[in-house]
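Engineer: This is target11.cif, which holds mmCIF, C-alpha atoms:
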```cif
data_protein
loop_
_atom_site.group_PDB
_atom_site.id
_atom_site.type_symbol
_atom_site.label_atom_id
_atom_site.label_comp_id
_atom_site.auth_asym_id
_atom_site.auth_seq_id
_atom_site.Cartn_x
_atom_site.Cartn_y
_atom_site.Cartn_z
ATOM 1 C CA MET A 287 -56.721 25.868 0.132
ATOM 2 C CA PRO A 288 -54.455 26.499 3.159
ATOM 3 C CA ALA A 289 -52.848 29.891 3.465
ATOM 4 C CA GLU A 290 -49.260 30.047 2.326
ATOM 5 C CA THR A 291 -48.171 30.681 5.911
ATOM 6 C CA ASP A 292 -49.898 27.471 7.070
ATOM 7 C CA ALA A 293 -48.854 25.253 4.174
ATOM 8 C CA HIS A 294 -46.156 23.401 6.123
ATOM 9 C CA TYR A 295 -47.575 23.510 9.648
ATOM 10 C CA PHE A 296 -47.522 19.707 9.972
ATOM 11 C CA ASP A 297 -43.903 19.369 8.789
ATOM 12 C CA GLU A 298 -41.306 18.520 11.424
ATOM 13 C CA ASP A 299 -38.980 21.266 10.204
ATOM 14 C CA PRO A 300 -40.817 23.944 8.178
ATOM 15 C CA SER A 301 -38.831 25.176 5.205
ATOM 16 C CA VAL A 302 -40.523 28.581 4.984
ATOM 17 C CA PRO A 303 -38.475 31.469 6.394
ATOM 18 C CA SER A 304 -39.359 32.654 9.876
ATOM 19 C CA ASP A 305 -41.335 35.902 10.139
ATOM 20 C CA PRO A 306 -42.817 36.147 13.653
ATOM 21 C CA ILE A 307 -45.798 38.290 14.523
ATOM 22 C CA ASP A 308 -47.584 38.778 17.847
ATOM 23 C CA VAL A 309 -51.265 38.042 18.394
ATOM 24 C CA ASP A 310 -53.427 39.163 21.317
ATOM 25 C CA VAL A 311 -55.821 36.444 22.509
ATOM 26 C CA ALA A 312 -58.764 37.748 24.556
ATOM 27 C CA LEU A 313 -61.223 35.256 26.039
ATOM 28 C CA PRO A 314 -63.954 35.896 28.620
ATOM 29 C CA ASP A 315 -61.826 34.458 31.450
ATOM 30 C CA THR A 316 -58.229 35.062 30.356
ATOM 31 C CA ALA A 317 -56.038 37.003 27.953
ATOM 32 C CA PHE A 318 -52.483 36.626 26.727
ATOM 33 C CA THR A 319 -50.179 37.501 23.840
ATOM 34 C CA LEU A 320 -48.716 34.856 21.543
ATOM 35 C CA THR A 321 -45.827 35.047 19.150
ATOM 36 C CA THR A 322 -46.827 33.241 15.946
ATOM 37 C CA ASP A 323 -44.760 32.482 12.875
ATOM 38 C CA ARG A 324 -44.791 31.223 9.318
ATOM 39 C CA GLY A 325 -44.819 27.468 8.969
ATOM 40 C CA VAL A 326 -46.991 27.162 12.081
ATOM 41 C CA PHE A 327 -50.775 26.978 12.013
ATOM 42 C CA GLY A 328 -52.573 30.215 12.861
ATOM 43 C CA ARG A 329 -49.913 32.805 12.081
ATOM 44 C CA GLY A 330 -51.133 36.318 12.802
ATOM 45 C CA ARG A 331 -54.518 35.352 14.201
ATOM 46 C CA LEU A 332 -56.507 33.134 16.518
ATOM 47 C CA ASP A 333 -58.298 31.040 13.922
ATOM 48 C CA ALA A 334 -62.090 30.801 14.126
ATOM 49 C CA GLY A 335 -62.162 27.097 14.930
ATOM 50 C CA THR A 336 -59.785 27.378 17.871
ATOM 51 C CA SER A 337 -61.676 30.421 19.125
ATOM 52 C CA LEU A 338 -64.937 28.464 19.060
ATOM 53 C CA LEU A 339 -63.346 25.571 20.952
ATOM 54 C CA LEU A 340 -61.889 27.832 23.629
ATOM 55 C CA ARG A 341 -65.145 29.723 24.079
ATOM 56 C CA THR A 342 -67.518 26.753 24.208
ATOM 57 C CA ALA A 343 -65.684 23.750 25.664
ATOM 58 C CA PRO A 344 -66.663 22.882 29.248
ATOM 59 C CA PRO A 345 -64.194 23.783 31.982
ATOM 60 C CA PRO A 346 -61.260 21.362 31.926
ATOM 61 C CA PRO A 347 -60.565 19.133 34.939
ATOM 62 C CA ALA A 348 -58.778 21.023 37.699
ATOM 63 C CA THR A 349 -56.052 18.415 38.148
ATOM 64 C CA GLY A 350 -54.431 15.535 36.298
ATOM 65 C CA HIS A 351 -52.943 15.420 32.818
ATOM 66 C CA LEU A 352 -54.481 17.526 30.032
ATOM 67 C CA LEU A 353 -53.429 17.362 26.375
ATOM 68 C CA ASP A 354 -53.260 19.911 23.573
ATOM 69 C CA LEU A 355 -52.876 17.688 20.512
ATOM 70 C CA GLY A 356 -51.086 19.692 17.786
ATOM 71 C CA CYS A 357 -50.279 22.715 19.915
ATOM 72 C CA GLY A 358 -48.999 25.132 17.280
ATOM 73 C CA ALA A 359 -48.011 28.381 18.992
ATOM 74 C CA GLY A 360 -49.967 27.373 22.076
ATOM 75 C CA PRO A 361 -53.377 29.095 22.327
ATOM 76 C CA ILE A 362 -55.114 25.923 23.515
ATOM 77 C CA ALA A 363 -52.291 24.846 25.834
ATOM 78 C CA LEU A 364 -52.045 28.244 27.502
ATOM 79 C CA THR A 365 -55.806 28.448 27.946
ATOM 80 C CA LEU A 366 -55.935 24.978 29.502
ATOM 81 C CA ALA A 367 -53.037 25.904 31.785
ATOM 82 C CA ARG A 368 -54.638 29.165 32.886
ATOM 83 C CA ARG A 369 -57.988 27.496 33.547
ATOM 84 C CA SER A 370 -56.457 24.540 35.405
ATOM 85 C CA PRO A 371 -53.279 25.798 37.102
ATOM 86 C CA ALA A 372 -52.967 22.639 39.240
ATOM 87 C CA ALA A 373 -53.025 20.352 36.182
ATOM 88 C CA THR A 374 -50.139 19.340 33.929
ATOM 89 C CA VAL A 375 -50.797 20.431 30.354
ATOM 90 C CA TRP A 376 -48.981 18.470 27.649
ATOM 91 C CA ALA A 377 -48.498 20.474 24.459
ATOM 92 C CA ILE A 378 -47.376 18.199 21.651
ATOM 93 C CA ASP A 379 -46.571 18.871 18.025
ATOM 94 C CA VAL A 380 -44.389 17.286 15.338
ATOM 95 C CA ASN A 381 -43.407 20.794 14.204
ATOM 96 C CA GLU A 382 -40.191 21.930 15.910
ATOM 97 C CA ARG A 383 -40.910 25.607 15.255
ATOM 98 C CA ALA A 384 -44.351 25.216 16.822
ATOM 99 C CA ARG A 385 -42.897 23.552 19.909
ATOM 100 C CA ASP A 386 -40.337 26.331 20.332
ATOM 101 C CA LEU A 387 -43.038 28.974 20.002
ATOM 102 C CA CYS A 388 -45.359 27.246 22.453
ATOM 103 C CA ALA A 389 -42.616 26.912 25.053
ATOM 104 C CA SER A 390 -41.522 30.536 24.691
ATOM 105 C CA ASN A 391 -45.130 31.746 24.794
ATOM 106 C CA ALA A 392 -45.721 29.829 28.030
ATOM 107 C CA ARG A 393 -42.633 31.442 29.591
ATOM 108 C CA ARG A 394 -43.579 34.865 28.268
ATOM 109 C CA ASN A 395 -46.996 34.644 29.905
ATOM 110 C CA GLY A 396 -45.782 33.208 33.195
ATOM 111 C CA VAL A 397 -47.437 29.836 32.637
ATOM 112 C CA GLY A 398 -45.432 27.165 34.413
ATOM 113 C CA ASN A 399 -47.586 24.037 34.064
ATOM 114 C CA VAL A 400 -47.132 23.416 30.324
ATOM 115 C CA VAL A 401 -44.865 20.599 29.149
ATOM 116 C CA VAL A 402 -43.949 20.884 25.463
ATOM 117 C CA ALA A 403 -42.868 17.682 23.739
ATOM 118 C CA ARG A 404 -42.580 15.707 20.533
ATOM 119 C CA PRO A 405 -45.350 13.089 20.320
ATOM 120 C CA ASP A 406 -42.858 10.216 20.442
ATOM 121 C CA ASP A 407 -41.272 11.587 23.619
ATOM 122 C CA VAL A 408 -44.454 11.387 25.716
ATOM 123 C CA ASP A 409 -44.827 8.421 28.077
ATOM 124 C CA PRO A 410 -47.592 6.292 26.505
ATOM 125 C CA SER A 411 -48.775 5.178 29.940
ATOM 126 C CA ILE A 412 -50.044 8.680 30.791
ATOM 127 C CA ARG A 413 -53.835 8.906 30.813
ATOM 128 C CA TYR A 414 -55.469 12.230 30.053
ATOM 129 C CA ALA A 415 -58.413 13.759 31.851
ATOM 130 C CA ALA A 416 -59.075 15.913 28.783
ATOM 131 C CA ILE A 417 -57.793 16.290 25.234
ATOM 132 C CA TRP A 418 -58.446 19.488 23.316
ATOM 133 C CA SER A 419 -57.428 19.800 19.677
ATOM 134 C CA ASN A 420 -57.836 21.627 16.408
ATOM 135 C CA PRO A 421 -56.476 18.554 14.599
ATOM 136 C CA PRO A 422 -54.360 18.691 11.424
ATOM 137 C CA ILE A 423 -57.089 17.690 8.982
ATOM 138 C CA ARG A 424 -54.919 18.420 5.946
ATOM 139 C CA VAL A 425 -52.478 15.601 6.719
ATOM 140 C CA GLY A 426 -55.051 13.323 5.043
ATOM 141 C CA LYS A 427 -57.510 10.812 6.436
ATOM 142 C CA PRO A 428 -55.159 7.850 7.023
ATOM 143 C CA ALA A 429 -52.676 9.937 9.018
ATOM 144 C CA LEU A 430 -55.440 11.819 10.845
ATOM 145 C CA HIS A 431 -57.263 8.635 11.795
ATOM 146 C CA ALA A 432 -54.060 7.021 13.056
ATOM 147 C CA LEU A 433 -53.268 10.148 15.088
ATOM 148 C CA LEU A 434 -56.697 10.290 16.703
ATOM 149 C CA LEU A 435 -56.874 6.570 17.475
ATOM 150 C CA THR A 436 -53.461 6.732 19.153
ATOM 151 C CA TRP A 437 -54.261 9.634 21.446
ATOM 152 C CA LEU A 438 -57.952 8.987 22.123
ATOM 153 C CA ALA A 439 -56.898 5.569 23.415
ATOM 154 C CA ARG A 440 -55.006 7.448 26.134
ATOM 155 C CA LEU A 441 -58.084 9.130 27.580
ATOM 156 C CA GLY A 442 -58.837 8.181 31.153
ATOM 157 C CA ASP A 443 -62.064 6.327 31.854
ATOM 158 C CA ASP A 444 -63.826 9.603 32.678
ATOM 159 C CA GLY A 445 -61.901 11.695 30.177
ATOM 160 C CA THR A 446 -63.347 13.616 27.241
ATOM 161 C CA ALA A 447 -61.826 15.009 24.070
ATOM 162 C CA ALA A 448 -62.979 18.215 22.387
ATOM 163 C CA LEU A 449 -62.119 18.412 18.688
ATOM 164 C CA VAL A 450 -62.945 21.323 16.395
ATOM 165 C CA VAL A 451 -63.316 20.610 12.669
ATOM 166 C CA HIS A 452 -64.948 22.554 9.822
ATOM 167 C CA LYS A 453 -67.862 20.842 8.071
ATOM 168 C CA HIS A 454 -66.209 21.379 4.675
ATOM 169 C CA LEU A 455 -63.145 19.521 5.971
ATOM 170 C CA GLY A 456 -65.142 16.501 7.064
ATOM 171 C CA ALA A 457 -66.494 17.221 10.543
ATOM 172 C CA ASP A 458 -69.666 15.201 10.040
ATOM 173 C CA SER A 459 -67.927 12.214 8.456
ATOM 174 C CA LEU A 460 -65.314 12.293 11.234
ATOM 175 C CA GLN A 461 -68.090 12.194 13.819
ATOM 176 C CA ARG A 462 -69.569 9.104 12.150
ATOM 177 C CA TRP A 463 -66.143 7.461 11.881
ATOM 178 C CA LEU A 464 -65.424 7.998 15.570
ATOM 179 C CA THR A 465 -68.842 6.668 16.522
ATOM 180 C CA ASP A 466 -68.293 3.575 14.390
ATOM 181 C CA ARG A 467 -65.098 2.917 16.367
ATOM 182 C CA GLY A 468 -66.855 2.928 19.696
ATOM 183 C CA HIS A 469 -66.396 6.566 20.722
ATOM 184 C CA ARG A 470 -69.620 8.237 21.806
ATOM 185 C CA THR A 471 -69.311 11.463 19.819
ATOM 186 C CA GLU A 472 -71.666 14.434 20.043
ATOM 187 C CA ARG A 473 -71.649 17.887 18.511
ATOM 188 C CA SER A 474 -71.367 20.285 21.440
ATOM 189 C CA ALA A 475 -71.124 23.558 19.509
ATOM 190 C CA SER A 476 -71.418 24.848 15.963
ATOM 191 C CA ARG A 477 -70.679 28.236 14.412
ATOM 192 C CA SER A 478 -69.672 29.504 10.969
ATOM 193 C CA GLY A 479 -69.351 25.957 9.671
ATOM 194 C CA TYR A 480 -67.143 24.755 12.524
ATOM 195 C CA ARG A 481 -68.237 21.886 14.736
ATOM 196 C CA VAL A 482 -66.884 21.113 18.188
ATOM 197 C CA LEU A 483 -67.090 17.374 18.774
ATOM 198 C CA SER A 484 -67.184 15.952 22.284
ATOM 199 C CA VAL A 485 -65.602 12.488 22.210
ATOM 200 C CA ALA A 486 -65.772 9.889 24.977
ATOM 201 C CA PRO A 487 -63.343 6.970 25.422
ATOM 202 C CA ALA A 488 -64.070 3.999 23.193
ATOM 203 C CA VAL A 489 -66.229 1.230 24.580
ATOM 204 C CA GLY A 490 -65.597 -2.397 23.774
ATOM 205 C CA PRO A 491 -67.898 -4.514 21.595
#
```
Do you think you could lay out the structure here as structure tokens?

Structural biologist:
Amino acid sequence: MPAETDAHYFDEDPSVPSDPIDVDVALPDTAFTLTTDRGVFGRGRLDAGTSLLLRTAPPPPATGHLLDLGCGAGPIALTLARRSPAATVWAIDVNERARDLCASNARRNGVGNVVVARPDDVDPSIRYAAIWSNPPIRVGKPALHALLLTWLARLGDDGTAALVVHKHLGADSLQRWLTDRGHRTERSASRSGYRVLSVAPAVGP
């Protein structure tokens, strides 16, 4: 079951009262402090799945458009931005509180190449060189599948997505589903039940 603090992280306007808490994120190549909050995924911690993604994903492209799909408080977006300072990092989330946190965390850490936006406000013609995401599995399969199909279709020809999903939340079935829809999908890392899936753009029949 999701923690009480995460229960509404995919709502547009979380109803739980705000109670912010800071989290120190330390990775081999960068470190920063995030303000997290109730109603936003990952309050009070860098969750294990996101940590695995950030520690094992290949270096992101140095330039172009990069996407953090479901940014929450911003650990993925800030890491992408620090690793690729010449790129534009799009941090999108339906959750208004998450977007506000991500934007303030980018300012707090002096990161100027993060653009925070609602999904519907992003130009659909933009093509992404990389998409990194700890996707909102608990929205249910229909909504999750629609979300992934929408954004994976916006990968550039040479782009790659990195998705982290726990095996008990359907990582292996998601890998098969993506493969069945033409996305070459491979497991690039695995730890403590989490799988990082590397997903290529779909190929036609």

Engineer: Quick check on the file I pasted: which residues fall under the PyMOL selection byres ((chain A and resi 358) around 8)? Write them as a list in words.

Structural biologist: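 Selected by the PyMOL selection byres ((chain A and resi 358) around 8) in this file: Tyr295, Val326, Phe327, Gly328, Gly356, Cys357, Ala359, Gly360, Pro361, Asp379, Asn381, Ala384, Arg385, Leu387 and Cys388 of chain A.
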
Engineer: Quick one: write out the picked residues with C-alpha atoms as a PDB file, in the coordinates of the input?

Structural biologist:
```
ATOM      1  CA  TYR A 295     -47.575  23.510   9.648  1.00  0.00           C
ATOM      2  CA  VAL A 326     -46.991  27.162  12.081  1.00  0.00           C
ATOM      3  CA  PHE A 327     -50.775  26.978  12.013  1.00  0.00           C
ATOM      4  CA  GLY A 328     -52.573  30.215  12.861  1.00  0.00           C
ATOM      5  CA  GLY A 356     -51.086  19.692  17.786  1.00  0.00           C
ATOM      6  CA  CYS A 357     -50.279  22.715  19.915  1.00  0.00           C
ATOM      7  CA  ALA A 359     -48.011  28.381  18.992  1.00  0.00           C
ATOM      8  CA  GLY A 360     -49.967  27.373  22.076  1.00  0.00           C
ATOM      9  CA  PRO A 361     -53.377  29.095  22.327  1.00  0.00           C
ATOM     10  CA  ASP A 379     -46.571  18.871  18.025  1.00  0.00           C
ATOM     11  CA  ASN A 381     -43.407  20.794  14.204  1.00  0.00           C
ATOM     12  CA  ALA A 384     -44.351  25.216  16.822  1.00  0.00           C
ATOM     13  CA  ARG A 385     -42.897  23.552  19.909  1.00  0.00           C
ATOM     14  CA  LEU A 387     -43.038  28.974  20.002  1.00  0.00           C
ATOM     15  CA  CYS A 388     -45.359  27.246  22.453  1.00  0.00           C
TER      16      CYS A 388
END
```

Engineer: Using the chain letters and numbers from this file, what does the PyMOL selection byres ((chain A and resi 443) around 12) select? Give the answer as a VMD selection string.

Structural biologist: chain A and resid 413 to 416 438 to 442 444 to 447 469 485 to 489

Engineer: Please evaluate the PyMOL selection byres ((chain A and resi 334-336) around 7) against the structure above and give the resulting residues as a ChimeraX atom specification.

Structural biologist: /A:332-333,337-340,420,450-451,480

Engineer: Using only C-alpha atoms, which protein or nucleic acid residues come within 10 Å of Thr349 (chain A)? Drop anything in the same chain fewer than 2 positions from it, and give the result as a PyMOL selection string.

Structural biologist: chain A and resi 346-347+351-352+370-375+415

Engineer: Record the distance separating CA of Asn395 (chain A) and CA of Val380 (chain A), expressed in Å with one decimal.

Structural biologist: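 Value for the CA of Asn395 (chain A)-CA of Val380 (chain A) distance: 22.8 Å.
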
Engineer: Counting only C-alpha atoms, which residue out of A:Ala403, A:Leu483, A:Leu460, A:Ala432 sits closest to Ile417 (chain A)?

Structural biologist: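 Nearest to Ile417 (chain A): A:Leu483.
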
Engineer: Within 9 Å of (-53.9, 15.1, 14.8) (file coordinates; all atoms listed in the file), which protein or nucleic acid residues are there? I'd like them as a list in words.

Structural biologist: Leu355, Gly356, Asp379, Ser419, Asn420, Pro421, Pro422, Ile423, Val425, Ala429, Leu430, His431, Ala432, Leu433, Leu434 and Trp437 of chain A
